[in-house]
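Coordinates from my_file-v1.cif are shown below (mmCIF, C-alpha atoms).
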```cif
data_my_file
loop_
_atom_site.group_PDB
_atom_site.id
_atom_site.type_symbol
_atom_site.label_atom_id
_atom_site.label_comp_id
_atom_site.auth_asym_id
_atom_site.auth_seq_id
_atom_site.Cartn_x
_atom_site.Cartn_y
_atom_site.Cartn_z
ATOM 1 C CA LEU T 5 110.869 80.994 100.273
ATOM 2 C CA PRO T 6 110.802 77.201 100.824
ATOM 3 C CA TRP T 7 108.296 76.544 98.042
ATOM 4 C CA PHE T 8 110.411 78.422 95.481
ATOM 5 C CA ASP T 9 113.653 76.919 96.802
ATOM 6 C CA GLY T 10 112.273 73.411 96.421
ATOM 7 C CA MET T 11 111.228 74.068 92.842
ATOM 8 C CA LEU T 12 114.621 75.524 91.947
ATOM 9 C CA GLU T 13 116.454 72.634 93.548
ATOM 10 C CA TYR T 14 114.719 70.220 91.202
ATOM 11 C CA ASP T 15 115.268 72.613 88.273
ATOM 12 C CA GLU T 16 118.997 72.547 89.030
ATOM 13 C CA TYR T 17 118.994 68.761 89.323
ATOM 14 C CA PHE T 18 117.163 68.415 86.010
ATOM 15 C CA TYR T 19 119.554 70.828 84.302
ATOM 16 C CA SER T 20 122.571 68.929 85.600
ATOM 17 C CA ILE T 21 121.281 65.794 83.853
ATOM 18 C CA LYS T 22 119.653 67.156 80.695
ATOM 19 C CA GLY T 23 121.627 70.328 80.043
ATOM 20 C CA GLU T 24 118.433 72.314 79.527
ATOM 21 C CA PRO T 25 115.806 73.789 81.879
ATOM 22 C CA LEU T 26 112.714 71.828 82.877
ATOM 23 C CA PHE T 27 110.611 75.005 82.558
ATOM 24 C CA SER T 28 111.195 78.087 80.442
ATOM 25 C CA SER T 29 110.378 80.485 83.285
ATOM 26 C CA HIS T 30 109.068 80.900 86.822
ATOM 27 C CA MET T 31 106.845 83.702 88.041
ATOM 28 C CA LEU T 32 107.601 85.151 91.478
ATOM 29 C CA ASP T 33 104.978 87.598 92.724
ATOM 30 C CA LEU T 34 106.285 89.514 95.729
ATOM 31 C CA SER T 35 104.401 92.692 94.839
ATOM 32 C CA GLU T 36 102.706 92.700 98.243
ATOM 33 C CA GLU T 37 106.135 93.152 99.847
ATOM 34 C CA PRO T 38 108.066 96.462 100.088
ATOM 35 C CA HIS T 39 109.520 97.406 96.707
ATOM 36 C CA GLU T 40 113.182 97.112 97.716
ATOM 37 C CA GLU T 41 112.611 93.771 99.417
ATOM 38 C CA ASN T 42 110.787 92.463 96.357
ATOM 39 C CA ILE T 43 113.675 93.416 94.074
ATOM 40 C CA GLY T 44 116.322 92.088 96.461
ATOM 41 C CA ILE T 45 114.731 88.652 96.746
ATOM 42 C CA CYS T 46 114.206 88.492 92.987
ATOM 43 C CA ALA T 47 117.883 89.348 92.447
ATOM 44 C CA LYS T 48 118.913 86.491 94.713
ATOM 45 C CA TYR T 49 116.792 83.990 92.810
ATOM 46 C CA LEU T 50 117.711 85.328 89.371
ATOM 47 C CA THR T 51 121.354 84.678 90.232
ATOM 48 C CA ARG T 52 120.514 80.982 90.637
ATOM 49 C CA MET T 53 118.151 80.850 87.687
ATOM 50 C CA ALA T 54 120.627 82.447 85.275
ATOM 51 C CA LYS T 55 122.941 79.467 85.723
ATOM 52 C CA ILE T 56 120.261 77.107 84.360
ATOM 53 C CA ASP T 57 118.875 79.350 81.594
ATOM 54 C CA LEU T 58 115.604 80.104 83.399
ATOM 55 C CA ILE T 59 113.616 83.315 82.940
ATOM 56 C CA LEU T 60 112.342 85.110 86.034
ATOM 57 C CA GLU T 61 108.984 86.875 85.759
ATOM 58 C CA MET T 62 108.655 89.355 88.613
ATOM 59 C CA GLU T 63 105.819 91.717 89.523
ATOM 60 C CA ILE T 64 105.747 95.237 90.889
ATOM 61 C CA GLY T 65 102.848 97.459 91.866
ATOM 62 C CA ILE T 66 99.345 96.198 92.472
ATOM 63 C CA THR T 67 97.064 94.313 90.113
ATOM 64 C CA GLY T 68 93.491 95.050 91.151
ATOM 65 C CA GLY T 69 90.677 92.557 91.648
ATOM 66 C CA VAL T 70 90.865 89.234 93.487
ATOM 67 C CA GLU T 71 93.203 86.297 92.848
ATOM 68 C CA ASP T 72 94.382 83.370 94.963
ATOM 69 C CA GLY T 73 92.742 84.779 98.079
ATOM 70 C CA VAL T 74 94.410 88.210 97.754
ATOM 71 C CA ASP T 75 91.742 90.917 97.486
ATOM 72 C CA ASN T 76 92.917 94.174 95.922
ATOM 73 C CA SER T 77 89.466 95.200 94.708
ATOM 74 C CA GLY T 78 89.277 98.133 97.117
ATOM 75 C CA VAL T 79 92.719 99.687 96.635
ATOM 76 C CA SER T 80 93.078 103.301 95.605
ATOM 77 C CA ASN T 81 93.283 103.731 91.827
ATOM 78 C CA ASP T 82 96.657 105.474 92.016
ATOM 79 C CA LYS T 83 98.134 102.271 93.479
ATOM 80 C CA LEU T 84 97.336 100.464 90.226
ATOM 81 C CA TYR T 85 100.071 102.299 88.305
ATOM 82 C CA SER T 86 103.825 101.769 88.551
ATOM 83 C CA THR T 87 106.262 104.637 88.007
ATOM 84 C CA PRO T 88 109.253 104.900 85.652
ATOM 85 C CA GLU T 89 111.567 105.100 88.668
ATOM 86 C CA GLU T 90 110.197 101.861 90.153
ATOM 87 C CA VAL T 91 110.588 100.013 86.868
ATOM 88 C CA TRP T 92 114.092 101.360 86.360
ATOM 89 C CA GLN T 93 115.099 100.218 89.837
ATOM 90 C CA VAL T 94 114.146 96.668 88.827
ATOM 91 C CA TYR T 95 116.119 96.863 85.592
ATOM 92 C CA GLU T 96 119.289 98.361 87.052
ATOM 93 C CA THR T 97 119.355 95.656 89.742
ATOM 94 C CA LEU T 98 118.516 92.611 87.629
ATOM 95 C CA ALA T 99 120.107 93.395 84.246
ATOM 96 C CA PRO T 100 123.703 93.026 85.500
ATOM 97 C CA ILE T 101 122.809 89.523 86.691
ATOM 98 C CA SER T 102 121.048 88.252 83.567
ATOM 99 C CA GLU T 103 118.960 89.463 80.648
ATOM 100 C CA LYS T 104 116.500 86.629 81.341
ATOM 101 C CA PHE T 105 113.839 88.489 83.309
ATOM 102 C CA THR T 106 110.496 90.122 82.608
ATOM 103 C CA ILE T 107 108.618 92.770 84.571
ATOM 104 C CA ALA T 108 104.883 92.657 85.282
ATOM 105 C CA ALA T 109 104.503 96.382 85.899
ATOM 106 C CA ALA T 110 101.162 97.846 86.929
ATOM 107 C CA PHE T 111 99.372 100.035 84.379
ATOM 108 C CA GLY T 112 95.791 99.735 85.611
ATOM 109 C CA ASN T 113 95.617 95.950 85.335
ATOM 110 C CA VAL T 114 92.847 94.101 87.165
ATOM 111 C CA HIS T 115 92.360 90.370 87.698
ATOM 112 C CA GLY T 116 89.003 89.195 86.392
ATOM 113 C CA VAL T 117 86.556 90.908 84.037
ATOM 114 C CA TYR T 118 84.653 94.070 84.912
ATOM 115 C CA LYS T 119 82.180 96.432 83.258
ATOM 116 C CA PRO T 120 83.657 99.013 80.884
ATOM 117 C CA GLY T 121 84.547 102.175 82.788
ATOM 118 C CA ASN T 122 85.398 100.402 86.034
ATOM 119 C CA VAL T 123 89.045 100.055 85.067
ATOM 120 C CA THR T 124 91.306 102.550 83.293
ATOM 121 C CA LEU T 125 93.981 100.555 81.533
ATOM 122 C CA ARG T 126 96.885 102.775 80.506
ATOM 123 C CA PRO T 127 99.301 100.861 78.238
ATOM 124 C CA GLU T 128 100.881 104.162 77.223
ATOM 125 C CA LEU T 129 102.609 104.081 80.622
ATOM 126 C CA LEU T 130 104.683 101.145 79.376
ATOM 127 C CA GLY T 131 105.935 103.415 76.624
ATOM 128 C CA GLU T 132 106.931 105.986 79.237
ATOM 129 C CA PHE T 133 108.791 103.298 81.178
ATOM 130 C CA GLN T 134 110.650 102.304 78.016
ATOM 131 C CA LYS T 135 111.617 105.900 77.234
ATOM 132 C CA TYR T 136 112.916 106.439 80.762
ATOM 133 C CA ALA T 137 115.021 103.270 80.611
ATOM 134 C CA ALA T 138 116.176 104.019 77.065
ATOM 135 C CA LYS T 139 117.661 107.347 78.171
ATOM 136 C CA LYS T 140 119.569 105.539 80.910
ATOM 137 C CA THR T 141 120.866 102.714 78.717
ATOM 138 C CA SER T 142 120.974 104.107 75.152
ATOM 139 C CA LEU T 143 118.986 101.026 74.108
ATOM 140 C CA PRO T 144 115.725 101.578 72.159
ATOM 141 C CA LYS T 145 113.544 99.175 74.177
ATOM 142 C CA PRO T 146 115.481 97.602 77.032
ATOM 143 C CA LEU T 147 112.426 96.388 78.987
ATOM 144 C CA ASN T 148 110.414 93.193 78.536
ATOM 145 C CA PHE T 149 106.959 93.475 80.092
ATOM 146 C CA VAL T 150 104.264 91.014 81.138
ATOM 147 C CA PHE T 151 100.607 92.046 80.890
ATOM 148 C CA HIS T 152 98.881 90.719 84.016
ATOM 149 C CA GLY T 153 95.089 90.787 84.195
ATOM 150 C CA GLY T 154 94.658 90.760 80.424
ATOM 151 C CA SER T 155 91.205 89.136 80.405
ATOM 152 C CA GLY T 156 88.496 91.320 78.919
ATOM 153 C CA SER T 157 90.961 93.871 77.550
ATOM 154 C CA GLU T 158 90.091 95.807 74.417
ATOM 155 C CA LYS T 159 92.014 94.733 71.319
ATOM 156 C CA HIS T 160 93.496 98.172 70.662
ATOM 157 C CA LYS T 161 94.797 98.323 74.238
ATOM 158 C CA ILE T 162 96.471 94.929 73.725
ATOM 159 C CA ASP T 163 98.025 96.183 70.478
ATOM 160 C CA GLU T 164 99.357 99.284 72.205
ATOM 161 C CA ALA T 165 100.803 97.233 75.063
ATOM 162 C CA LEU T 166 102.577 94.994 72.544
ATOM 163 C CA SER T 167 104.067 98.015 70.822
ATOM 164 C CA HIS T 168 105.643 99.054 74.125
ATOM 165 C CA GLY T 169 107.388 95.757 74.851
ATOM 166 C CA VAL T 170 104.832 93.300 76.253
ATOM 167 C CA VAL T 171 106.049 89.766 75.538
ATOM 168 C CA LYS T 172 103.462 87.798 77.567
ATOM 169 C CA MET T 173 99.850 88.319 78.618
ATOM 170 C CA ASN T 174 97.833 86.466 81.267
ATOM 171 C CA VAL T 175 94.212 85.662 80.366
ATOM 172 C CA ASP T 176 93.241 83.151 83.051
ATOM 173 C CA THR T 177 89.720 84.509 83.608
ATOM 174 C CA ASP T 178 88.894 84.449 79.894
ATOM 175 C CA THR T 179 90.098 80.864 79.507
ATOM 176 C CA GLN T 180 88.147 79.804 82.605
ATOM 177 C CA TRP T 181 84.990 81.231 81.073
ATOM 178 C CA ALA T 182 85.762 79.584 77.741
ATOM 179 C CA TYR T 183 86.075 76.198 79.465
ATOM 180 C CA TRP T 184 82.769 76.658 81.280
ATOM 181 C CA SER T 185 81.113 77.998 78.135
ATOM 182 C CA GLY T 186 81.923 74.805 76.226
ATOM 183 C CA LEU T 187 80.258 72.714 78.916
ATOM 184 C CA LYS T 188 77.273 75.077 79.183
ATOM 185 C CA GLU T 189 76.625 75.020 75.444
ATOM 186 C CA PHE T 190 76.925 71.252 75.317
ATOM 187 C CA TYR T 191 74.323 70.901 78.074
ATOM 188 C CA GLU T 192 71.956 73.363 76.432
ATOM 189 C CA ASP T 193 72.227 71.548 73.082
ATOM 190 C CA ASN T 194 71.709 68.109 74.636
ATOM 191 C CA GLU T 195 69.593 68.798 77.722
ATOM 192 C CA LEU T 196 66.986 66.132 76.969
ATOM 193 C CA PHE T 197 69.729 63.499 76.739
ATOM 194 C CA LEU T 198 71.134 64.425 80.152
ATOM 195 C CA GLN T 199 68.161 63.858 82.476
ATOM 196 C CA GLY T 200 68.804 60.186 83.208
ATOM 197 C CA GLN T 201 70.854 57.190 82.184
ATOM 198 C CA ILE T 202 68.025 55.801 80.047
ATOM 199 C CA GLY T 203 65.396 57.559 77.986
ATOM 200 C CA ASN T 204 65.621 60.474 75.569
ATOM 201 C CA PRO T 205 63.766 61.901 72.533
ATOM 202 C CA LYS T 206 64.914 58.910 70.485
ATOM 203 C CA GLY T 207 63.138 56.450 72.740
ATOM 204 C CA LEU T 208 62.295 55.641 76.365
ATOM 205 C CA ASP T 209 64.730 52.724 76.305
ATOM 206 C CA LYS T 210 67.616 54.554 74.629
ATOM 207 C CA PRO T 211 70.835 54.956 76.690
ATOM 208 C CA ASN T 212 72.471 58.353 77.265
ATOM 209 C CA LYS T 213 75.978 57.223 78.151
ATOM 210 C CA SER T 214 77.525 58.855 75.105
ATOM 211 C CA TYR T 215 76.236 62.215 76.374
ATOM 212 C CA TYR T 216 76.959 62.111 80.111
ATOM 213 C CA ASP T 217 80.319 60.362 79.765
ATOM 214 C CA PRO T 218 82.784 62.946 81.184
ATOM 215 C CA ARG T 219 85.133 62.302 78.279
ATOM 216 C CA LYS T 220 82.486 63.820 76.024
ATOM 217 C CA TRP T 221 81.637 67.033 77.851
ATOM 218 C CA VAL T 222 85.171 67.616 79.125
ATOM 219 C CA ARG T 223 86.293 67.440 75.509
ATOM 220 C CA GLU T 224 83.757 70.109 74.549
ATOM 221 C CA SER T 225 85.161 72.358 77.278
ATOM 222 C CA GLU T 226 88.692 71.738 76.051
ATOM 223 C CA VAL T 227 87.754 72.620 72.466
ATOM 224 C CA SER T 228 86.138 75.869 73.589
ATOM 225 C CA MET T 229 89.162 76.796 75.686
ATOM 226 C CA ARG T 230 91.506 75.864 72.833
ATOM 227 C CA ASP T 231 89.699 78.297 70.548
ATOM 228 C CA ARG T 232 90.008 81.074 73.145
ATOM 229 C CA VAL T 233 93.732 80.408 73.499
ATOM 230 C CA LYS T 234 94.119 80.615 69.718
ATOM 231 C CA GLU T 235 92.354 83.985 69.802
ATOM 232 C CA SER T 236 94.839 85.261 72.389
ATOM 233 C CA CYS T 237 97.758 83.904 70.368
ATOM 234 C CA LYS T 238 96.512 85.931 67.395
ATOM 235 C CA ASP T 239 96.108 88.978 69.618
ATOM 236 C CA LEU T 240 99.728 88.596 70.684
ATOM 237 C CA LYS T 241 100.849 87.958 67.096
ATOM 238 C CA ASN T 242 102.605 84.678 67.873
ATOM 239 C CA ILE T 243 100.738 82.600 65.266
#
```
Target format structure tokens, applied to this file:
Amino acid sequence: LPWFDGMLEYDEYFYSIKGEPLFSSHMLDLSEEPHEENIGICAKYLTRMAKIDLILEMEIGITGGVEDGVDNSGVSNDKLYSTPEEVWQVYETLAPISEKFTIAAAFGNVHGVYKPGNVTLRPELLGEFQKYAAKKTSLPKPLNFVFHGGSGSEKHKIDEALSHGVVKMNVDTDTQWAYWSGLKEFYEDNELFLQGQIGNPKGLDKPNKSYYDPRKWVRESEVSMRDRVKESCKDLKNI
């Protein structure tokens, strides 16, 4: 994977100079590939990453919806759920190399936000994966999970996922909407000041630069997105 190799080469260079990793982790999504091939490639890269204290986030199964040009919106529902055996195969291959890896297992996750009832999120499956691995290892919770497609999820489902070992959740769609929402609300509140460079309710000769200046409305988007990120941080109990 030339794009991943190039990134790791600079990571290794940076580590050789600074003695610490440039990034805390890299995500490698090979879930579209055969399961064994996915795990084998991840094992190869984890071997390199372990030497520079980098965490590997790998994905198995299928996350529904559409992302980055990959359309899984029409896949059969049973494909949206990983099995204990699949998750264990990841652990037994990667754990001997390094403890620094996380698994984005499929438990009904879908990219984007959909109407209630369209998606059946089953965080209890993560608990089943943990129990299966615990019997094999004698460790209470040996697995660290990533919650892909977390946008729009119900709070109690997030809480349950956390209880079963989720250490990271992706909420890209929710933060995208939050960014747009900040801009939308700013426009709605100041619409009459955004119809031309000159002229507004305060006077026909009054300038509007302080309203249409991108630094103003971009800031409003950033504030709205910041607040949504804080909400997710509270959901994940890290603040």
Going by the chain IDs and residue numbers used in this file, which residues fall under the PyMOL selection byres ((chain T and resi 31) around 12)? Write them as a PDB file with C-alpha atoms, in the coordinates of the input.
```
ATOM      1  CA  PHE T   8     110.411  78.422  95.481  1.00  0.00           C
ATOM      2  CA  MET T  11     111.228  74.068  92.842  1.00  0.00           C
ATOM      3  CA  LEU T  12     114.621  75.524  91.947  1.00  0.00           C
ATOM      4  CA  PHE T  27     110.611  75.005  82.558  1.00  0.00           C
ATOM      5  CA  SER T  28     111.195  78.087  80.442  1.00  0.00           C
ATOM      6  CA  SER T  29     110.378  80.485  83.285  1.00  0.00           C
ATOM      7  CA  HIS T  30     109.068  80.900  86.822  1.00  0.00           C
ATOM      8  CA  LEU T  32     107.601  85.151  91.478  1.00  0.00           C
ATOM      9  CA  ASP T  33     104.978  87.598  92.724  1.00  0.00           C
ATOM     10  CA  LEU T  34     106.285  89.514  95.729  1.00  0.00           C
ATOM     11  CA  SER T  35     104.401  92.692  94.839  1.00  0.00           C
ATOM     12  CA  CYS T  46     114.206  88.492  92.987  1.00  0.00           C
ATOM     13  CA  TYR T  49     116.792  83.990  92.810  1.00  0.00           C
ATOM     14  CA  LEU T  50     117.711  85.328  89.371  1.00  0.00           C
ATOM     15  CA  MET T  53     118.151  80.850  87.687  1.00  0.00           C
ATOM     16  CA  LEU T  58     115.604  80.104  83.399  1.00  0.00           C
ATOM     17  CA  ILE T  59     113.616  83.315  82.940  1.00  0.00           C
ATOM     18  CA  LEU T  60     112.342  85.110  86.034  1.00  0.00           C
ATOM     19  CA  GLU T  61     108.984  86.875  85.759  1.00  0.00           C
ATOM     20  CA  MET T  62     108.655  89.355  88.613  1.00  0.00           C
ATOM     21  CA  GLU T  63     105.819  91.717  89.523  1.00  0.00           C
ATOM     22  CA  ILE T  64     105.747  95.237  90.889  1.00  0.00           C
ATOM     23  CA  PHE T 105     113.839  88.489  83.309  1.00  0.00           C
ATOM     24  CA  THR T 106     110.496  90.122  82.608  1.00  0.00           C
ATOM     25  CA  ILE T 107     108.618  92.770  84.571  1.00  0.00           C
ATOM     26  CA  ALA T 108     104.883  92.657  85.282  1.00  0.00           C
ATOM     27  CA  VAL T 150     104.264  91.014  81.138  1.00  0.00           C
ATOM     28  CA  HIS T 152      98.881  90.719  84.016  1.00  0.00           C
ATOM     29  CA  LYS T 172     103.462  87.798  77.567  1.00  0.00           C
ATOM     30  CA  ASN T 174      97.833  86.466  81.267  1.00  0.00           C
TER      31      ASN T 174
END
```
Contacts of Asp178 (chain T) within 12 Å, all atoms listed in the file, excl. fewer than 2 positions in-chain, as a PDB file with C-alpha atoms, in the frame of the given file:
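Wrote it out as around.pdb, contents follow:
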```pdb
ATOM      1  CA  HIS T 115      92.360  90.370  87.698  1.00  0.00           C
ATOM      2  CA  GLY T 116      89.003  89.195  86.392  1.00  0.00           C
ATOM      3  CA  VAL T 117      86.556  90.908  84.037  1.00  0.00           C
ATOM      4  CA  TYR T 118      84.653  94.070  84.912  1.00  0.00           C
ATOM      5  CA  GLY T 153      95.089  90.787  84.195  1.00  0.00           C
ATOM      6  CA  GLY T 154      94.658  90.760  80.424  1.00  0.00           C
ATOM      7  CA  SER T 155      91.205  89.136  80.405  1.00  0.00           C
ATOM      8  CA  GLY T 156      88.496  91.320  78.919  1.00  0.00           C
ATOM      9  CA  SER T 157      90.961  93.871  77.550  1.00  0.00           C
ATOM     10  CA  MET T 173      99.850  88.319  78.618  1.00  0.00           C
ATOM     11  CA  ASN T 174      97.833  86.466  81.267  1.00  0.00           C
ATOM     12  CA  VAL T 175      94.212  85.662  80.366  1.00  0.00           C
ATOM     13  CA  ASP T 176      93.241  83.151  83.051  1.00  0.00           C
ATOM     14  CA  GLN T 180      88.147  79.804  82.605  1.00  0.00           C
ATOM     15  CA  TRP T 181      84.990  81.231  81.073  1.00  0.00           C
ATOM     16  CA  ALA T 182      85.762  79.584  77.741  1.00  0.00           C
ATOM     17  CA  TYR T 183      86.075  76.198  79.465  1.00  0.00           C
ATOM     18  CA  TRP T 184      82.769  76.658  81.280  1.00  0.00           C
ATOM     19  CA  SER T 185      81.113  77.998  78.135  1.00  0.00           C
ATOM     20  CA  SER T 228      86.138  75.869  73.589  1.00  0.00           C
ATOM     21  CA  MET T 229      89.162  76.796  75.686  1.00  0.00           C
ATOM     22  CA  ARG T 230      91.506  75.864  72.833  1.00  0.00           C
ATOM     23  CA  ASP T 231      89.699  78.297  70.548  1.00  0.00           C
ATOM     24  CA  ARG T 232      90.008  81.074  73.145  1.00  0.00           C
ATOM     25  CA  VAL T 233      93.732  80.408  73.499  1.00  0.00           C
ATOM     26  CA  GLU T 235      92.354  83.985  69.802  1.00  0.00           C
ATOM     27  CA  SER T 236      94.839  85.261  72.389  1.00  0.00           C
TER      28      SER T 236
END
```
Given the point (79.5, 72.7, 79.7) in the coordinates of this file, which residues lie within 10 Å, counting only C-alpha atoms, and how would they look as a CSV table (one decimal) with C-alpha atoms, in the coordinates of the input?
```
chain,number,residue,atom,x,y,z
T,182,ALA,CA,85.8,79.6,77.7
T,183,TYR,CA,86.1,76.2,79.5
T,184,TRP,CA,82.8,76.7,81.3
T,185,SER,CA,81.1,78.0,78.1
T,186,GLY,CA,81.9,74.8,76.2
T,187,LEU,CA,80.3,72.7,78.9
T,188,LYS,CA,77.3,75.1,79.2
T,189,GLU,CA,76.6,75.0,75.4
T,190,PHE,CA,76.9,71.3,75.3
T,191,TYR,CA,74.3,70.9,78.1
T,192,GLU,CA,72.0,73.4,76.4
T,193,ASP,CA,72.2,71.5,73.1
T,221,TRP,CA,81.6,67.0,77.9
T,222,VAL,CA,85.2,67.6,79.1
T,223,ARG,CA,86.3,67.4,75.5
T,224,GLU,CA,83.8,70.1,74.5
T,225,SER,CA,85.2,72.4,77.3
T,226,GLU,CA,88.7,71.7,76.1
T,228,SER,CA,86.1,75.9,73.6
```
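Separating CA of Tyr85 (chain T) from CA of Gly112 (chain T) is a distance of 5.7 Å.
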Close residues, Gln93 (chain T) itself excluded, 10 Å, only C-alpha atoms, min 4 positions apart in chain, as a list in words: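 Surrounding residues, per the criterion: His39, Glu40, Ile43, Pro88, Glu89, Thr97, Leu98 and Ala137 of chain T.
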Pick out the residues sitting within 10 Å of Ser86 (chain T), and hand them over as an MDAnalysis selection string; count all atoms listed in the file, and ignore anything fewer than 4 positions along from it in its own chain. chainID T and resid 64:66 82 90:91 108:112 129:130 133
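Our summary of the geometry notes that CA of Ile162 (chain T) is positioned 16.5 Å from CA of Thr179 (chain T).
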Could you tell me how far CA of Cys237 (chain T) lies from CA of His160 (chain T), in Å and to one decimal? 14.9 Å
Could you pull the residues within 9 Å of Gly169 (chain T), counting all atoms listed in the file, minus those fewer than 6 positions along the same chain, as a list in words?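 Listed by chain and then number, they are Leu130, Gly131, Gln134, Lys145, Pro146, Leu147, Asn148, Phe149 and Val150 of chain T.
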Got time to write the residues from that selection, C-alpha atoms, as a PDB file, in the frame of the given file?
```pdb
ATOM      1  CA  LEU T 130     104.683 101.145  79.376  1.00  0.00           C
ATOM      2  CA  GLY T 131     105.935 103.415  76.624  1.00  0.00           C
ATOM      3  CA  GLN T 134     110.650 102.304  78.016  1.00  0.00           C
ATOM      4  CA  LYS T 145     113.544  99.175  74.177  1.00  0.00           C
ATOM      5  CA  PRO T 146     115.481  97.602  77.032  1.00  0.00           C
ATOM      6  CA  LEU T 147     112.426  96.388  78.987  1.00  0.00           C
ATOM      7  CA  ASN T 148     110.414  93.193  78.536  1.00  0.00           C
ATOM      8  CA  PHE T 149     106.959  93.475  80.092  1.00  0.00           C
ATOM      9  CA  VAL T 150     104.264  91.014  81.138  1.00  0.00           C
TER      10      VAL T 150
END
```
Have a look at T:Thr51, T:Ser20, T:Asn113, T:Thr87 and name the one nearest to Ala99 (chain T); count only C-alpha atoms. T:Thr51
